[in-house]
>>> print(open('upload36.cif').read())   # mmCIF, C-alpha atoms and all ligand atoms
data_coords
#
loop_
_atom_site.label_atom_id
_atom_site.label_comp_id
_atom_site.auth_asym_id
_atom_site.auth_seq_id
_atom_site.Cartn_x
_atom_site.Cartn_y
_atom_site.Cartn_z
CA MET A 1 90.35 66.67 -26.76
CA ASN A 2 93.62 67.93 -25.30
CA LYS A 3 95.84 65.35 -27.00
CA LYS A 4 97.23 65.56 -30.53
CA THR A 5 95.72 63.18 -33.06
CA ILE A 6 97.04 62.12 -36.45
CA ARG A 7 94.85 64.89 -37.89
CA ASP A 8 97.27 67.36 -36.28
CA LEU A 9 100.12 66.08 -38.48
CA PRO A 10 100.41 68.24 -41.60
CA GLU A 11 99.30 66.07 -44.53
CA GLY A 12 102.56 66.07 -46.45
CA GLU A 13 104.36 65.09 -43.26
CA LEU A 14 103.17 61.49 -43.49
CA ARG A 15 104.40 60.57 -46.96
CA GLY A 16 107.26 58.10 -46.78
CA LYS A 17 107.28 58.17 -42.97
CA ARG A 18 107.40 54.93 -40.99
CA VAL A 19 104.48 55.06 -38.55
CA LEU A 20 104.29 52.56 -35.71
CA VAL A 21 100.63 52.11 -34.74
CA ARG A 22 99.70 50.32 -31.52
CA VAL A 23 96.33 48.77 -32.29
CA ASP A 24 94.11 46.56 -30.17
CA PHE A 25 93.70 43.41 -32.25
CA ASN A 26 93.05 41.30 -29.15
CA VAL A 27 90.02 39.64 -30.72
CA PRO A 28 88.29 36.45 -29.53
CA LEU A 29 89.32 33.28 -31.42
CA ASP A 30 87.58 29.89 -31.39
CA GLU A 31 89.45 26.58 -31.01
CA ASN A 32 90.26 26.57 -34.77
CA ARG A 33 91.66 30.09 -34.51
CA ASN A 34 88.75 31.62 -36.38
CA ILE A 35 87.96 35.19 -35.34
CA THR A 36 84.54 35.16 -33.67
CA ASP A 37 84.19 38.94 -33.37
CA ASP A 38 86.28 41.30 -35.50
CA THR A 39 84.90 44.55 -34.03
CA ARG A 40 88.29 45.69 -32.80
CA ILE A 41 89.90 45.20 -36.23
CA VAL A 42 87.04 47.01 -37.97
CA GLU A 43 87.27 49.89 -35.49
CA SER A 44 90.96 50.39 -36.30
CA LEU A 45 90.39 50.76 -40.05
CA PRO A 46 89.80 54.54 -40.14
CA THR A 47 93.26 55.20 -38.65
CA ILE A 48 95.02 52.67 -40.89
CA ARG A 49 93.27 53.95 -44.03
CA TYR A 50 94.05 57.57 -43.18
CA LEU A 51 97.75 56.77 -42.87
CA VAL A 52 97.85 54.54 -45.97
CA GLU A 53 96.06 57.14 -48.11
CA ARG A 54 98.66 59.74 -47.13
CA GLY A 55 101.56 57.54 -48.12
CA ALA A 56 102.75 56.50 -44.67
CA ARG A 57 104.53 53.16 -44.24
CA VAL A 58 102.33 51.60 -41.61
CA ILE A 59 103.75 49.22 -38.99
CA LEU A 60 101.01 47.69 -36.82
CA VAL A 61 101.61 46.09 -33.44
CA SER A 62 99.20 44.47 -30.97
CA HIS A 63 98.94 41.83 -28.31
CA LEU A 64 96.66 38.81 -28.58
CA GLY A 65 95.55 36.76 -25.59
CA ARG A 66 97.91 35.96 -22.73
CA PRO A 67 101.07 34.27 -23.99
CA LYS A 68 102.82 35.29 -20.75
CA GLY A 69 106.09 36.41 -22.34
CA LYS A 70 106.71 33.34 -24.53
CA PRO A 71 106.00 32.59 -28.20
CA LYS A 72 102.85 30.46 -28.54
CA ASP A 73 101.88 29.28 -32.00
CA GLU A 74 98.16 29.43 -31.24
CA LEU A 75 98.51 33.13 -30.41
CA ARG A 76 100.38 34.23 -33.53
CA MET A 77 98.87 37.15 -35.42
CA ASP A 78 98.42 35.33 -38.77
CA PRO A 79 94.60 34.99 -38.69
CA ILE A 80 94.41 38.68 -37.89
CA ALA A 81 96.67 39.65 -40.79
CA LYS A 82 94.38 37.67 -43.08
CA ARG A 83 91.20 39.30 -41.82
CA LEU A 84 92.76 42.77 -41.92
CA GLU A 85 93.83 42.17 -45.51
CA GLU A 86 90.23 41.31 -46.45
CA LEU A 87 88.82 44.33 -44.63
CA LEU A 88 91.40 46.78 -45.98
CA GLY A 89 91.39 45.38 -49.47
CA ARG A 90 95.16 45.58 -49.68
CA LYS A 91 98.17 43.44 -48.91
CA VAL A 92 99.20 43.11 -45.27
CA THR A 93 102.68 41.68 -44.75
CA LYS A 94 103.09 39.77 -41.49
CA VAL A 95 106.41 39.07 -39.82
CA ASN A 96 107.12 36.48 -37.12
CA ASP A 97 108.81 38.86 -34.70
CA CYS A 98 108.46 42.36 -33.23
CA ILE A 99 112.07 43.53 -33.22
CA GLY A 100 115.34 42.32 -34.73
CA GLU A 101 116.88 41.79 -38.16
CA GLU A 102 113.93 40.11 -39.91
CA VAL A 103 111.66 42.96 -38.86
CA LYS A 104 114.17 45.66 -39.81
CA ARG A 105 114.50 44.13 -43.26
CA ALA A 106 110.72 44.01 -43.71
CA VAL A 107 110.42 47.64 -42.63
CA ALA A 108 113.20 48.69 -45.02
CA GLN A 109 111.29 47.06 -47.90
CA LEU A 110 108.04 48.95 -47.19
CA LYS A 111 106.89 51.37 -49.88
CA ASP A 112 104.64 54.35 -49.29
CA GLY A 113 101.16 53.13 -48.28
CA ASP A 114 102.30 49.57 -47.41
CA VAL A 115 101.08 47.82 -44.27
CA LEU A 116 103.17 45.55 -42.06
CA LEU A 117 101.86 43.61 -39.04
CA LEU A 118 104.32 42.61 -36.33
CA GLU A 119 104.03 39.44 -34.23
CA ASN A 120 102.15 39.30 -30.91
CA ILE A 121 104.02 41.80 -28.76
CA ARG A 122 103.35 39.87 -25.55
CA PHE A 123 105.62 37.06 -26.76
CA TYR A 124 108.25 39.28 -25.13
CA PRO A 125 108.17 39.62 -21.32
CA GLU A 126 109.76 43.05 -21.89
CA GLU A 127 106.42 44.30 -23.23
CA GLU A 128 104.47 44.06 -19.99
CA ALA A 129 107.57 45.00 -17.96
CA ASN A 130 107.75 48.21 -20.03
CA ASP A 131 111.44 47.55 -20.56
CA GLU A 132 113.20 50.65 -21.83
CA ASN A 133 115.59 48.89 -24.20
CA PHE A 134 112.75 46.94 -25.73
CA ALA A 135 110.71 50.13 -26.17
CA ARG A 136 113.75 51.75 -27.81
CA ALA A 137 114.16 48.80 -30.19
CA LEU A 138 110.51 49.14 -31.22
CA ALA A 139 110.85 52.87 -31.62
CA GLU A 140 113.87 52.45 -33.90
CA LEU A 141 111.57 50.85 -36.47
CA ALA A 142 109.63 54.08 -36.97
CA ASP A 143 109.59 57.87 -37.23
CA ILE A 144 106.18 58.49 -35.63
CA TYR A 145 104.16 56.61 -33.00
CA VAL A 146 100.37 56.39 -32.98
CA ASN A 147 98.35 54.84 -30.18
CA ASP A 148 94.93 53.62 -31.29
CA ALA A 149 94.68 50.79 -28.73
CA PHE A 150 92.21 52.26 -26.26
CA GLY A 151 91.54 48.77 -24.86
CA ALA A 152 95.17 48.53 -23.72
CA ALA A 153 95.66 52.18 -22.72
CA HIS A 154 95.22 51.44 -19.01
CA ARG A 155 98.45 49.45 -19.13
CA ALA A 156 101.91 51.05 -18.99
CA HIS A 157 103.58 48.61 -21.36
CA ALA A 158 106.44 49.12 -23.83
CA SER A 159 104.17 49.35 -26.89
CA THR A 160 101.40 51.35 -25.20
CA ALA A 161 103.49 53.86 -23.27
CA GLY A 162 107.27 53.22 -23.15
CA VAL A 163 107.82 53.73 -26.87
CA ALA A 164 106.46 57.29 -26.69
CA LYS A 165 109.64 58.34 -24.89
CA PHE A 166 111.53 57.94 -28.16
CA LEU A 167 109.02 59.05 -30.82
CA PRO A 168 106.50 61.87 -31.32
CA ALA A 169 103.22 60.29 -30.13
CA TYR A 170 99.73 60.88 -31.50
CA ALA A 171 96.26 59.47 -30.86
CA GLY A 172 94.52 57.48 -33.59
CA PHE A 173 90.86 57.97 -34.46
CA LEU A 174 89.53 55.10 -32.34
CA MET A 175 91.43 56.41 -29.33
CA GLU A 176 90.01 59.87 -30.01
CA LYS A 177 86.46 58.53 -30.37
CA GLU A 178 86.68 56.57 -27.11
CA LEU A 179 88.12 59.49 -25.15
CA GLU A 180 85.41 61.80 -26.46
CA ALA A 181 82.55 59.43 -25.72
CA LEU A 182 83.69 58.27 -22.29
CA GLY A 183 85.32 61.58 -21.38
CA GLU A 184 83.71 64.73 -22.77
CA LYS A 185 80.21 63.28 -23.25
CA LEU A 186 80.05 61.94 -19.68
CA ASN A 187 81.92 64.82 -18.02
CA ASN A 188 79.69 67.49 -19.56
CA PRO A 189 76.51 65.47 -19.90
CA ILE A 190 73.24 66.66 -21.33
CA ARG A 191 70.86 66.11 -18.41
CA PRO A 192 69.18 64.14 -17.04
CA PHE A 193 72.27 61.92 -16.83
CA LEU A 194 71.46 58.31 -15.96
CA ALA A 195 73.90 55.52 -15.17
CA ILE A 196 73.01 51.84 -15.04
CA LEU A 197 75.43 49.69 -13.09
CA GLY A 198 75.31 45.94 -12.77
CA GLY A 199 77.63 42.98 -12.97
CA ALA A 200 78.76 40.53 -10.38
CA LYS A 201 80.59 42.50 -7.73
CA VAL A 202 80.42 45.80 -5.89
CA SER A 203 84.15 45.52 -5.22
CA SER A 204 85.12 45.64 -8.91
CA LYS A 205 82.89 48.66 -9.53
CA ILE A 206 83.39 50.71 -6.39
CA GLY A 207 85.61 53.34 -8.05
CA VAL A 208 83.17 53.81 -10.93
CA LEU A 209 80.22 53.92 -8.52
CA ARG A 210 81.78 56.67 -6.44
CA LYS A 211 82.82 58.70 -9.48
CA LEU A 212 79.42 58.42 -11.13
CA LEU A 213 77.71 59.59 -7.95
CA GLU A 214 79.50 62.93 -8.46
CA LYS A 215 78.02 63.33 -11.92
CA VAL A 216 74.69 61.57 -12.44
CA ASP A 217 71.11 62.53 -11.67
CA VAL A 218 69.91 58.94 -11.46
CA LEU A 219 71.79 55.72 -10.71
CA LEU A 220 70.08 52.40 -11.40
CA VAL A 221 71.78 49.41 -9.78
CA GLY A 222 71.00 45.80 -10.68
CA GLY A 223 72.75 42.47 -11.17
CA GLY A 224 74.78 40.59 -8.61
CA MET A 225 76.00 43.76 -6.94
CA SER A 226 72.49 44.87 -5.93
CA TYR A 227 72.20 42.25 -3.17
CA THR A 228 75.04 43.72 -1.15
CA PHE A 229 73.09 47.00 -1.10
CA ILE A 230 69.89 45.24 -0.07
CA LYS A 231 71.79 43.54 2.74
CA ALA A 232 73.22 46.93 3.73
CA MET A 233 69.66 48.18 4.11
CA GLY A 234 68.99 45.36 6.57
CA TYR A 235 67.19 42.81 4.37
CA GLU A 236 68.01 39.18 3.63
CA VAL A 237 69.17 38.06 0.19
CA GLY A 238 69.02 34.25 0.50
CA LYS A 239 71.53 32.53 -1.77
CA SER A 240 72.07 35.59 -3.99
CA LEU A 241 75.57 36.92 -4.64
CA LEU A 242 76.71 38.80 -1.56
CA GLU A 243 80.01 40.43 -0.70
CA GLU A 244 80.10 40.46 3.09
CA GLY A 245 83.21 42.62 3.06
CA MET A 246 81.49 45.35 1.03
CA ILE A 247 78.33 45.81 3.13
CA GLU A 248 79.73 48.77 5.05
CA GLU A 249 80.99 50.37 1.83
CA ALA A 250 77.55 49.87 0.27
CA ARG A 251 75.94 51.59 3.25
CA GLN A 252 78.26 54.57 2.80
CA ILE A 253 77.45 54.77 -0.88
CA LEU A 254 73.73 54.89 -0.12
CA GLU A 255 74.43 57.79 2.25
CA VAL A 256 76.53 59.66 -0.29
CA ALA A 257 73.79 59.24 -2.90
CA GLN A 258 71.22 60.66 -0.51
CA ALA A 259 73.44 63.57 0.52
CA ARG A 260 74.08 64.46 -3.14
CA GLY A 261 70.44 64.22 -4.10
CA VAL A 262 71.11 61.44 -6.61
CA ARG A 263 68.14 59.13 -7.22
CA PHE A 264 69.62 55.75 -6.35
CA GLU A 265 67.29 52.97 -7.48
CA LEU A 266 67.62 49.30 -6.63
CA PRO A 267 65.48 46.55 -8.20
CA LEU A 268 61.84 46.26 -7.07
CA ASP A 269 61.64 42.55 -7.83
CA PHE A 270 63.83 39.60 -8.77
CA VAL A 271 63.67 36.32 -10.63
CA VAL A 272 64.75 33.80 -8.00
CA ALA A 273 65.68 30.12 -8.24
CA PRO A 274 67.46 27.51 -6.10
CA GLU A 275 70.39 27.66 -8.58
CA GLY A 276 71.46 29.78 -11.53
CA LYS A 277 71.17 27.18 -14.26
CA GLU A 278 69.08 26.34 -17.31
CA GLY A 279 65.87 24.34 -16.90
CA ILE A 280 65.30 25.14 -13.23
CA ALA A 281 61.98 26.35 -11.74
CA THR A 282 61.95 30.13 -11.17
CA ARG A 283 59.71 32.59 -9.35
CA VAL A 284 59.39 36.35 -9.26
CA VAL A 285 59.47 37.89 -5.78
CA ASP A 286 59.59 41.41 -4.36
CA TRP A 287 63.07 42.69 -3.52
CA ASP A 288 62.52 42.34 0.25
CA LYS A 289 61.09 38.80 0.10
CA ILE A 290 63.92 36.67 -1.28
CA PRO A 291 63.42 33.18 0.22
CA PRO A 292 66.39 31.88 2.26
CA ASP A 293 66.87 28.83 0.01
CA MET A 294 66.85 30.80 -3.24
CA GLY A 295 69.03 33.35 -5.01
CA GLY A 296 68.20 36.26 -7.31
CA PHE A 297 69.54 35.81 -10.85
CA ASP A 298 67.68 38.48 -12.80
CA ILE A 299 65.64 41.62 -12.29
CA GLY A 300 61.87 41.12 -12.45
CA PRO A 301 59.21 42.76 -14.68
CA LYS A 302 58.36 45.57 -12.24
CA THR A 303 62.00 46.58 -12.20
CA VAL A 304 62.24 46.51 -15.98
CA GLU A 305 59.24 48.84 -16.16
CA LYS A 306 60.50 51.23 -13.48
CA PHE A 307 64.03 51.37 -14.91
CA GLY A 308 62.43 51.85 -18.34
CA GLU A 309 60.68 55.03 -17.17
CA TYR A 310 63.99 56.56 -16.09
CA ILE A 311 65.64 55.46 -19.32
CA LYS A 312 62.94 57.19 -21.36
CA GLU A 313 63.53 60.50 -19.61
CA ALA A 314 67.33 60.44 -19.73
CA LYS A 315 69.32 62.47 -22.25
CA THR A 316 72.66 60.85 -21.44
CA ILE A 317 72.98 57.19 -20.42
CA PHE A 318 76.08 55.25 -19.34
CA TRP A 319 75.68 51.52 -18.85
CA ASN A 320 78.12 49.03 -17.39
CA GLY A 321 77.30 45.61 -16.02
CA PRO A 322 74.59 43.08 -16.94
CA LEU A 323 71.49 43.11 -14.72
CA GLY A 324 71.39 39.36 -14.25
CA LEU A 325 73.12 36.09 -15.02
CA PHE A 326 72.54 36.76 -18.73
CA GLU A 327 74.77 33.90 -19.95
CA VAL A 328 71.96 31.59 -18.79
CA ASN A 329 68.97 32.16 -21.11
CA LEU A 330 66.52 31.73 -18.28
CA PHE A 331 67.99 34.82 -16.57
CA ALA A 332 68.83 36.96 -19.61
CA ARG A 333 65.47 38.66 -20.03
CA GLY A 334 65.99 41.65 -17.72
CA THR A 335 69.32 42.56 -19.32
CA ILE A 336 67.96 42.10 -22.86
CA GLU A 337 64.85 44.19 -22.12
CA ILE A 338 66.98 47.00 -20.71
CA ALA A 339 69.29 46.77 -23.75
CA LYS A 340 66.26 47.29 -25.99
CA LYS A 341 65.09 50.22 -23.89
CA VAL A 342 68.43 52.02 -23.99
CA ALA A 343 68.54 51.41 -27.76
CA GLU A 344 65.11 53.07 -28.07
CA ALA A 345 66.35 55.99 -26.00
CA ALA A 346 69.34 56.32 -28.35
CA GLU A 347 67.01 56.30 -31.35
CA SER A 348 65.03 59.11 -29.73
CA GLY A 349 68.19 61.20 -29.45
CA ALA A 350 69.74 60.31 -26.09
CA ILE A 351 73.50 59.77 -25.95
CA VAL A 352 74.03 56.16 -24.90
CA VAL A 353 77.53 54.98 -23.98
CA VAL A 354 78.11 51.33 -23.10
CA GLY A 355 81.31 49.89 -21.63
CA GLY A 356 82.45 46.57 -20.19
CA GLY A 357 83.16 43.27 -21.93
CA ASP A 358 80.08 41.43 -20.70
CA THR A 359 77.76 44.39 -21.14
CA VAL A 360 78.85 44.78 -24.76
CA ALA A 361 78.23 41.02 -25.26
CA ALA A 362 74.72 41.51 -23.84
CA ILE A 363 74.08 44.45 -26.19
CA LYS A 364 75.11 42.26 -29.12
CA GLN A 365 72.94 39.40 -27.85
CA ALA A 366 70.00 41.79 -27.82
CA GLY A 367 70.85 42.69 -31.44
CA VAL A 368 70.79 46.44 -30.81
CA GLU A 369 74.46 47.37 -31.19
CA ARG A 370 73.86 49.49 -34.30
CA LYS A 371 71.52 51.80 -32.39
CA ILE A 372 73.86 52.59 -29.49
CA THR A 373 75.72 55.91 -29.71
CA HIS A 374 79.03 54.50 -28.52
CA ILE A 375 80.05 50.96 -27.62
CA SER A 376 83.49 51.01 -26.06
CA THR A 377 86.12 48.58 -27.35
CA GLY A 378 87.88 48.81 -23.99
CA GLY A 379 86.64 46.66 -21.11
CA GLY A 380 88.91 47.46 -18.17
CA ALA A 381 90.21 50.63 -19.83
CA SER A 382 86.74 52.13 -20.19
CA LEU A 383 85.98 51.59 -16.50
CA GLU A 384 89.31 53.01 -15.33
CA PHE A 385 88.82 56.02 -17.57
CA VAL A 386 85.27 56.69 -16.34
CA GLU A 387 86.64 56.34 -12.82
CA GLY A 388 88.85 59.32 -13.61
CA ARG A 389 92.14 57.44 -13.44
CA PRO A 390 94.79 58.67 -15.86
CA LEU A 391 95.50 56.09 -18.56
CA PRO A 392 99.25 55.63 -19.19
CA GLY A 393 98.70 55.10 -22.94
CA VAL A 394 96.94 58.47 -23.14
CA GLU A 395 99.17 60.43 -20.79
CA VAL A 396 102.23 59.86 -23.03
CA LEU A 397 100.61 61.38 -26.13
CA LEU A 398 101.58 64.89 -27.23
CA ASP A 399 99.43 67.67 -25.77
CA LYS A 400 97.54 69.91 -28.17
P1 LIG B 501 81.35 43.91 -17.51
O1 LIG B 501 82.28 42.89 -18.12
O2 LIG B 501 80.35 44.40 -18.51
O3 LIG B 501 82.10 45.03 -16.83
P2 LIG B 501 81.03 42.37 -15.10
O4 LIG B 501 82.19 41.54 -15.51
O5 LIG B 501 81.18 43.29 -13.96
O6 LIG B 501 80.48 43.19 -16.39
O7 LIG B 501 79.80 41.46 -14.73
C1 LIG B 501 79.28 40.50 -15.59
C2 LIG B 501 78.92 39.24 -14.86
O8 LIG B 501 78.01 39.47 -13.80
C3 LIG B 501 78.25 38.29 -15.81
O9 LIG B 501 79.02 37.10 -15.86
C4 LIG B 501 76.89 38.05 -15.16
O10 LIG B 501 76.43 36.73 -15.29
C5 LIG B 501 77.16 38.37 -13.71
N1 LIG B 501 75.91 38.64 -12.98
C6 LIG B 501 75.07 39.67 -13.14
N2 LIG B 501 74.01 39.56 -12.32
C7 LIG B 501 74.18 38.42 -11.60
C8 LIG B 501 73.42 37.76 -10.60
N3 LIG B 501 72.27 38.24 -10.17
N4 LIG B 501 73.91 36.62 -10.09
C9 LIG B 501 75.08 36.13 -10.55
N5 LIG B 501 75.84 36.69 -11.49
C10 LIG B 501 75.39 37.84 -12.02
MG MG B 502 83.35 41.24 -17.25
#
>>> encode(input="upload36.cif", output="structure tokens", more="lines below")
Ligand code: ADP
Ligand code: MG
Amino acid sequence: MNKKTIRDLPEGELRGKRVLVRVDFNVPLDENRNITDDTRIVESLPTIRYLVERGARVILVSHLGRPKGKPKDELRMDPIAKRLEELLGRKVTKVNDCIGEEVKRAVAQLKDGDVLLLENIRFYPEEEANDENFARALAELADIYVNDAFGAAHRAHASTAGVAKFLPAYAGFLMEKELEALGEKLNNPIRPFLAILGGAKVSSKIGVLRKLLEKVDVLLVGGGMSYTFIKAMGYEVGKSLLEEGMIEEARQILEVAQARGVRFELPLDFVVAPEGKEGIATRVVDWDKIPPDMGGFDIGPKTVEKFGEYIKEAKTIFWNGPLGLFEVNLFARGTIEIAKKVAEAAESGAIVVVGGGDTVAAIKQAGVERKITHISTGGGASLEFVEGRPLPGVEVLLDK
């Protein structure tokens, strides 16, 4: 990696230093503010522990949800402080602000190895506006800045980018892990390199699609986006998801794939139904025989088998986008089967990298998350990074 990480700081350098760490603690909460998935907190522990063990005074900052620039009690960081305290096994002090006198006092009281959690940074509109004075006020709390919030690195906000103008900036271990998995591993892949793309829309994945076509040997496309391709080939898709405005783009992509010699595979069959809801009668039809009064909501068994053969042969696999309407049990099978197949491939030694909020949910639903080489904690960030777009939160870090 070409960016400095906290490992590049000489060990003695950290003792007694105030280190501001931008973490991604944007975890899902239920209506009683219980954390339903603490993956992002767990993933930040290696960085926090490393700093604590070397006597740094750790100041953590994150956003949570979308408070839209105003304090909202239901989006305060208190439940996160509690969970972090349990996971770390040491006291985490939480303050009710991000800057100002109360925070300065709390920072001044920190001893070596102490951990302080600031309030939800998006309570301030200055955060998303990347306001320079706000970034300076944050920076004044610390001596060193660490960005470990890969999931927010595609945003140029005060705590993800602006603050680095005033402090020496280093990557944390989660940031490093994400950049290695989504960057190096996919840019210099062990071949054959296979990508699986699904999800609802071609339009939201067009950048990733085009980029992957430059790199992969095989591209498997399923989910809602596959129907726009089928339409582009001149076939009808009934009531399936279709983006009329993307048909021409889809046609071009098929041409590019052919010109590059990439094997571009669309589903062979679909599970169709009059509507995508539980308890409805379904049928399996070939890809070119979708009835006009029905829509495709999952890939069929022939597709699962065919995709499975490619998955078995691949040495590097990147997957983004569910292959059907997996939130509805009736249409989850294709996605779950493919999740199991990529997990098997990972167990046999393939590098399997999964990104995208819904895809990660599907992997967890299939119960195979432990087997996957790398599950990205960044939804939008992972896609933008794979697309080859520079991430503001990474650009600002010190070069090696
Ligand atoms: P990710 O969050 O992993 O990047 P997307 O947000 O692009 O994935 O896509 C996920 C959504 O696509 C899910 O809500 C899923 O139900 C939907 N989807 C996938 N296939 C279909 C389909 N055939 N018809 C309707 N929706 C679909
Ligand atoms: Mg999504």
>>> closest_residue(input="upload36.cif", among="A:Lys364, A:Gly261, A:Asp217, A:Phe331", to="Gly279 of chain A", atoms="only C-alpha atoms")
A:Phe331
>>> closest_residue(input="upload36.cif", among="A:Ala200, A:Val21, A:Ala135, A:Ile338", to="ligand MG 502 (chain B)", atoms="all atoms listed in the file")
A:Ala200
>>> axis_aligned_box(input="upload36.cif", around="segment 361-370 of chain A", padding_each_side="8 Å", output="AutoDock Vina command-line options")
--center_x 74.1 --center_y 44.4 --center_z -29.1 --size_x 24.2 --size_y 26.1 --size_z 26.5
>>> residues_around(input="upload36.cif", residues="Pro392 of chain A", least_positions_apart="2", cutoff="6 Å", atoms="only C-alpha atoms", output="PDB file with C-alpha atoms, in the frame of the given file")
ATOM      1  CA  HIS A 154      95.220  51.440 -19.010  1.00  0.00           C
ATOM      2  CA  ALA A 156     101.910  51.050 -18.990  1.00  0.00           C
ATOM      3  CA  VAL A 394      96.940  58.470 -23.140  1.00  0.00           C
ATOM      4  CA  GLU A 395      99.170  60.430 -20.790  1.00  0.00           C
TER       5      GLU A 395
END
>>> residues_near_ligand(input="upload36.cif", ligand="ligand LIG 501 (chain B)", cutoff="7 Å", atoms="all atoms listed in the file", output="PyMOL selection string")
chain A and resi 198-201+204+223-224+240-241+296-298+320-327+355-360+379
>>> atom_distance(input="upload36.cif", atom1="atom CA of Gly12 of chain A", atom2="atom CA of Gln109 of chain A")
21.0 Å
>>> residues_around(input="upload36.cif", residues="Gln252 of chain A", least_positions_apart="5", cutoff="10 Å", atoms="all atoms listed in the file", output="PDB file with C-alpha atoms, keeping the file's coordinate frame")
ATOM      1  CA  PHE A 229      73.090  47.000  -1.100  1.00  0.00           C
ATOM      2  CA  ALA A 232      73.220  46.930   3.730  1.00  0.00           C
ATOM      3  CA  MET A 246      81.490  45.350   1.030  1.00  0.00           C
ATOM      4  CA  ILE A 247      78.330  45.810   3.130  1.00  0.00           C
ATOM      5  CA  ALA A 257      73.790  59.240  -2.900  1.00  0.00           C
ATOM      6  CA  GLN A 258      71.220  60.660  -0.510  1.00  0.00           C
TER       7      GLN A 258
END
>>> atom_distance(input="upload36.cif", atom1="atom CA of Lys17 of chain A", atom2="atom CA of Glu102 of chain A")
19.5 Å
>>> atom_distance(input="upload36.cif", atom1="atom CA of Pro10 of chain A", atom2="atom CA of Asp148 of chain A")
18.7 Å
>>> closest_residue(input="upload36.cif", among="A:Ile121, A:Leu174, A:Ile196, A:Leu14", to="Arg66 of chain A", atoms="only C-alpha atoms")
A:Ile121
>>> residues_around(input="upload36.cif", residues="Glu119 of chain A", least_positions_apart="3", cutoff="6 Å", atoms="only C-alpha atoms", output="mmCIF file with C-alpha atoms, in the coordinates of the input")
data_model
loop_
_atom_site.group_PDB
_atom_site.id
_atom_site.type_symbol
_atom_site.label_atom_id
_atom_site.label_comp_id
_atom_site.auth_asym_id
_atom_site.auth_seq_id
_atom_site.Cartn_x
_atom_site.Cartn_y
_atom_site.Cartn_z
ATOM 1 C CA MET A 77 98.870 37.150 -35.420
ATOM 2 C CA ASN A 96 107.120 36.480 -37.120
ATOM 3 C CA ASP A 97 108.810 38.860 -34.700
ATOM 4 C CA CYS A 98 108.460 42.360 -33.230
#
>>> residues_near_point(input="upload36.cif", point="(58.7, 31.6, -9.2)", cutoff="10 Å", atoms="only C-alpha atoms", output="number ranges by chain")
A: 270-273, 281-285
>>> residues_around(input="upload36.cif", residues="Asp38 of chain A", least_positions_apart="6", cutoff="10 Å", atoms="only C-alpha atoms", output="ChimeraX atom specification")
/A:25-29,80,83-84,87
>>> residues_around(input="upload36.cif", residues="Asp8 of chain A", least_positions_apart="3", cutoff="10 Å", atoms="all atoms listed in the file", output="JSON, numbers by chain")
{"A": [3, 4, 5, 11, 170, 171, 400]}
>>> closest_residue(input="upload36.cif", among="A:Val19, A:Ala362, A:Ile375, A:Leu398", to="ligand MG 502 (chain B)", atoms="all atoms listed in the file")
A:Ala362
>>> decode(input="upload36.cif", residues="segment 169-179 of chain A", atoms="N, CA and C atoms", output="short mmCIF file (atom, residue, chain, number, x, y, z; two decimals), in the first residue's frame")
data_model
loop_
_atom_site.label_atom_id
_atom_site.label_comp_id
_atom_site.auth_asym_id
_atom_site.auth_seq_id
_atom_site.Cartn_x
_atom_site.Cartn_y
_atom_site.Cartn_z
N ALA A 169 -1.52 12.52 8.90
CA ALA A 169 -2.65 11.60 8.72
C ALA A 169 -2.20 10.21 8.31
N TYR A 170 -2.69 9.21 9.04
CA TYR A 170 -2.30 7.81 8.81
C TYR A 170 -3.54 6.93 8.62
N ALA A 171 -3.35 5.84 7.90
CA ALA A 171 -4.43 4.85 7.78
C ALA A 171 -4.43 3.93 8.98
N GLY A 172 -5.63 3.53 9.42
CA GLY A 172 -5.76 2.49 10.44
C GLY A 172 -5.73 1.12 9.77
N PHE A 173 -5.82 0.09 10.59
CA PHE A 173 -5.68 -1.28 10.06
C PHE A 173 -6.88 -1.73 9.23
N LEU A 174 -8.08 -1.27 9.59
CA LEU A 174 -9.25 -1.66 8.79
C LEU A 174 -9.16 -1.00 7.41
N MET A 175 -8.81 0.28 7.42
CA MET A 175 -8.61 0.98 6.15
C MET A 175 -7.58 0.25 5.29
N GLU A 176 -6.48 -0.12 5.90
CA GLU A 176 -5.42 -0.83 5.18
C GLU A 176 -5.94 -2.15 4.59
N LYS A 177 -6.67 -2.90 5.42
CA LYS A 177 -7.19 -4.21 5.00
C LYS A 177 -8.15 -4.05 3.81
N GLU A 178 -9.01 -3.06 3.89
CA GLU A 178 -9.98 -2.82 2.81
C GLU A 178 -9.27 -2.43 1.51
N LEU A 179 -8.29 -1.53 1.63
CA LEU A 179 -7.60 -1.06 0.43
C LEU A 179 -6.81 -2.20 -0.21
#
